[in-house]
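J.: Below: one structure in structure tokens.
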Amino acid sequence: MSFDDWISTIGGIGIGFFLGLAAYALAGLFLNGAWLIALAVIVPWLAWLAFYVVLENMAERVFPTGMKQARRLEARRGKPLARRLAGPAGFAIGAFAAWLGLTETILGAL
């Protein structure tokens with residue numbers, strides 16, 4: 001693995017870790033009966049995502065790139081396994097840490 005792969009792996013674990021903490025907290029809101037608050041978090045995010053997708057498609061139609069992809073002269077190597085599994089592993093570690101009740105300790109240390 002190259003240096004770039006190591007940096008991407010560490011970043012993927014970190015992002016997955018905090019997403020795991022957030023997903024556990026959101027699942028807790030749904031399961032504890034505060035589903036209205038959980039929906040108040042999810043619905044604006046989905047609206048933003050839909051707006052972004054529509055805007056991207058509209059921008060592509062108005063300002064087309066018009067470039068063709070270059071032919072591949074040599075086969076590219078795939079991403080290392082550690083880099084591909086960094087996000088899901090970080091997510092699982094973050095959800096497990098939240099399940100242990102370490103959310104306030106972890107976020108308080110930041």
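By convention in this document, the chains of the structure tokens carry letters A, B, ... by their order, each chain's residues are numbered from 1, and ligands are numbered from 1 in the order they are shown.
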Please identify all polymer residues within 9 Å of range 41-51 of chain A, counting only C-alpha atoms, omitting same-chain residues fewer than 5 positions from it, and present them as a PyMOL selection string.

T.: chain A and resi 26+36+56

J.: So that I can check the surroundings of range 77-87 of chain A, please list as a list in words every protein, DNA and RNA residue that reaches within 12 Å of it, counting only C-alpha atoms and ignoring chain neighbours fewer than 2 positions away.

T.: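 Result of the neighbour search: Met1, Ser2, Phe3, Asp4, Asp5, Trp6, Ile7, Ser8, Thr9, Ile10, Gly11, Gly12, Ile13, Gly14, Ile15, Gly16, Phe17, Phe18, Leu19, Gly20, Glu74, Ala75, Ala89, Gly90, Phe91, Ala92, Ile93 and Gly94 of chain A.
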
J.: How close does each residue of range 6-64 of chain A get to range 98-110 of chain A, giving the shortest atom pair and distance in Å to one decimal for every residue with an atom at most 8 Å away, counting only C-alpha atoms, sorted by chain and residue number, as a tab-separated table?

T.:
residue	atom	partner	partner_atom	distance
A:Gly20	CA	A:Ala98	CA	7.8
A:Leu21	CA	A:Ala98	CA	5.6
A:Tyr24	CA	A:Ala98	CA	6.5
A:Ala25	CA	A:Ala98	CA	7.8

J.: Any chance you can output those residues with C-alpha atoms as an mmCIF file, in the first residue's frame?

T.:
data_model
loop_
_atom_site.group_PDB
_atom_site.id
_atom_site.type_symbol
_atom_site.label_atom_id
_atom_site.label_comp_id
_atom_site.auth_asym_id
_atom_site.auth_seq_id
_atom_site.Cartn_x
_atom_site.Cartn_y
_atom_site.Cartn_z
ATOM 1 C CA GLY A 20 -21.570 4.948 13.319
ATOM 2 C CA LEU A 21 -21.999 7.147 16.385
ATOM 3 C CA TYR A 24 -26.690 4.691 16.654
ATOM 4 C CA ALA A 25 -28.036 7.927 18.138
#

J.: Looking only at the backbone, which of the residues in chain A does DSSP tag as helix (DSSP H, G or I), as JSON, numbers by chain?

T.: {"A": [3, 4, 5, 6, 7, 8, 9, 10, 11, 12, 13, 14, 15, 16, 17, 18, 19, 20, 21, 22, 23, 24, 25, 26, 27, 28, 29, 30, 31, 35, 36, 37, 38, 39, 40, 41, 42, 43, 44, 45, 46, 47, 48, 49, 50, 51, 52, 53, 54, 55, 56, 57, 58, 59, 60, 61, 62, 81, 82, 83, 84, 85, 86, 87, 88, 89, 90, 91, 92, 93, 94, 95, 96, 97, 98, 99, 103, 104, 105, 106, 107, 108, 109]}

J.: Please indicate the distance in Å from CA of Leu31 in chain A to CA of Ala95 in chain A, rounded to one decimal place.

T.: 15.3 Å
